[in-house]
Amino acid sequence: MCHVVNKRPAGIIVYTIENGGDGLMSIRRALPFVLKPPQRGTQGILKRPQLIHRLDRPTSGLLVAGKTRSAVVNLARQFEDRLVNKTYTAILNGIPKEDDEPHCMKDEMEGDTKWNLIDHDLEDKNAVTFWRIVKQVSSFKAKEGYLSVVEMMPKTGRTHQLRRHMAWTKDTPIVGDPDYGGGDALQLRGYGLFLCSNKLIVNHPYYNTVEGRSEWEKLPENSKWADGMLQLSEDGSTVQVHATIDIANKFTSFLRKIEAQQRYSGIGDEAN
């Protein structure tokens with residue numbers, strides 16, 4: 001296998017900061033010790049796996065790395081051409097206003113799903129985010145008495161795009177955001193940023209080449225789909241990597257704590 005989707009905890013930097021104080025504590029330095037090397041004979045093997053993209057330091061979740069030169073080039077081009085589908089889960093302070101006419105998208109697990117759209121430039125550059133509310137929980141510490149669990153799909157990759165879009169266009173900052181929180185969010189700080197990259201779809205960089213596709217077609221069924229991680233695109237033309245992880249434990253423990261506080265105080269019930 002020439003690439004991997006890797007789970008990154010919050011608080012660990014992706015690259016070591018030059019002259020910084022984080023020393024060896026970076027995802028990049030850890031990769032050779034946690035990833036299985038490619039099979040012998042694989043062409044273009046890198047001495048060290050190379051990360052294709054970044055996550056903000058306080059954000060947890062999935063990262064993509066390439067193990068061969070060709071995989072790095074292919075995956076980097078997919079990110080540049082915005083072919084990678086990424087989904088993040090976050091907890092917002094408040095209830096964001098939804099669109100009057102949501103956009104309908106197909107989901108392999110859920111069928112047709114409705115998503116809201118934010119199309120708001122950042123630094124004079126196009127920035128687009130789709131989002132939907134998954135759950136709402138009442139909290140006397142939250143703005144207007146509610147926290148919202150949302151899923152977000154960025155279609156562009158501007159700096160802090162999701163954090164700024166939700167804070168600036170919806171006035172519902174992500175809980176724990178030290179930069180864009182403000183106001184009532186101060187009451188909810190101390191738990192870290194509640195933002196996790198937990199779903200990701202990329203085209204396989206090898207199995208979609210002529211040689212690779214032929215090799216993949218000949219694999220036995222129990223290996224061909226990699227326990228559900230490999231799937232064909234809807235039209236059957238492309239082998240895709242579908243990676244999904246559970247959100248960090250701190251999400252569920254935080255929401256349980258909020259719900260327990262509500263029950264103890266006798267204020268409000270879970271909305272959804």
# chains A, B, ... in the order shown; residues from 1 in each chain; ligands from 1
$ residues_around --residues "A:Val72" --least-positions-apart "3" --cutoff "9 Å" --atoms "only C-alpha atoms" --output "MDAnalysis selection string"
chainID A and resid 2:3 49:52 65:69 75:77 205
$ closest_atom_pairs --of "stretch 38-72 of chain A" --to "stretch 79-97 of chain A" --cutoff "10 Å" --atoms "only C-alpha atoms" --output "Markdown table"
| residue | atom | partner | partner_atom | distance |
| --- | --- | --- | --- | --- |
| A:Ile52 | CA | A:Phe79 | CA | 8.1 |
| A:His53 | CA | A:Phe79 | CA | 7.9 |
| A:Thr59 | CA | A:Tyr88 | CA | 9.7 |
| A:Ser60 | CA | A:Tyr88 | CA | 9.6 |
| A:Gly61 | CA | A:Tyr88 | CA | 8.4 |
| A:Leu62 | CA | A:Lys86 | CA | 9.2 |
$ closest_atom_pairs --of "stretch 98-132 of chain A" --to "stretch 166-176 of chain A" --cutoff "12 Å" --atoms "only C-alpha atoms" --output "JSON lines"
{"residue": "A:Glu98", "atom": "CA", "partner": "A:Lys170", "partner_atom": "CA", "distance": 9.1}
{"residue": "A:Asp99", "atom": "CA", "partner": "A:Lys170", "partner_atom": "CA", "distance": 11.1}
{"residue": "A:Asn116", "atom": "CA", "partner": "A:Lys170", "partner_atom": "CA", "distance": 11.4}
{"residue": "A:Leu117", "atom": "CA", "partner": "A:Thr169", "partner_atom": "CA", "distance": 10.8}
{"residue": "A:Ile118", "atom": "CA", "partner": "A:Thr169", "partner_atom": "CA", "distance": 7.7}
{"residue": "A:Asp119", "atom": "CA", "partner": "A:Thr169", "partner_atom": "CA", "distance": 9.4}
{"residue": "A:His120", "atom": "CA", "partner": "A:Thr169", "partner_atom": "CA", "distance": 7.7}
{"residue": "A:Asp121", "atom": "CA", "partner": "A:Thr169", "partner_atom": "CA", "distance": 10.5}
{"residue": "A:Leu122", "atom": "CA", "partner": "A:Trp168", "partner_atom": "CA", "distance": 10.5}
{"residue": "A:Ala127", "atom": "CA", "partner": "A:Thr169", "partner_atom": "CA", "distance": 11.8}
{"residue": "A:Val128", "atom": "CA", "partner": "A:Met166", "partner_atom": "CA", "distance": 11.5}
{"residue": "A:Thr129", "atom": "CA", "partner": "A:Met166", "partner_atom": "CA", "distance": 9.4}
{"residue": "A:Phe130", "atom": "CA", "partner": "A:Met166", "partner_atom": "CA", "distance": 10.8}
{"residue": "A:Trp131", "atom": "CA", "partner": "A:Met166", "partner_atom": "CA", "distance": 9.5}
{"residue": "A:Arg132", "atom": "CA", "partner": "A:Met166", "partner_atom": "CA", "distance": 11.5}
$ select_by_dssp --residues "stretch 20-230 of chain A" --states "strand (DSSP E)" --output "number ranges by chain"
A: 45-51, 60-68, 85-93, 103-107, 111-119, 128-138, 146-154, 195-203, 230
$ atom_distance --atom1 "atom CA of A:Ser148" --atom2 "atom CA of A:Leu200"
21.9 Å
$ atom_distance --atom1 "atom CA of A:Lys141" --atom2 "atom CA of A:Gln262"
9.8 Å
$ residues_around --residues "stretch 217-224 of chain A" --least-positions-apart "6" --cutoff "10 Å" --atoms "only C-alpha atoms" --output "compact mmCIF listing (two decimals) with N, CA, C and O atoms, in the first residue's frame"
# COMPACT_ATOMS: atom_id res chain seq x y z
N TYR A 207 -4.22 2.14 -7.34
CA TYR A 207 -5.24 1.26 -7.91
C TYR A 207 -6.04 1.92 -9.03
O TYR A 207 -6.86 1.25 -9.67
N LEU A 230 -11.87 0.42 1.08
CA LEU A 230 -11.83 0.67 -0.36
C LEU A 230 -13.22 0.46 -0.95
O LEU A 230 -13.89 -0.52 -0.66
N GLN A 231 -13.64 1.40 -1.77
CA GLN A 231 -14.94 1.33 -2.42
C GLN A 231 -14.82 1.89 -3.83
O GLN A 231 -13.92 2.67 -4.12
$ atom_distance --atom1 "atom CA of A:Asp179" --atom2 "atom CA of A:Phe194"
13.2 Å
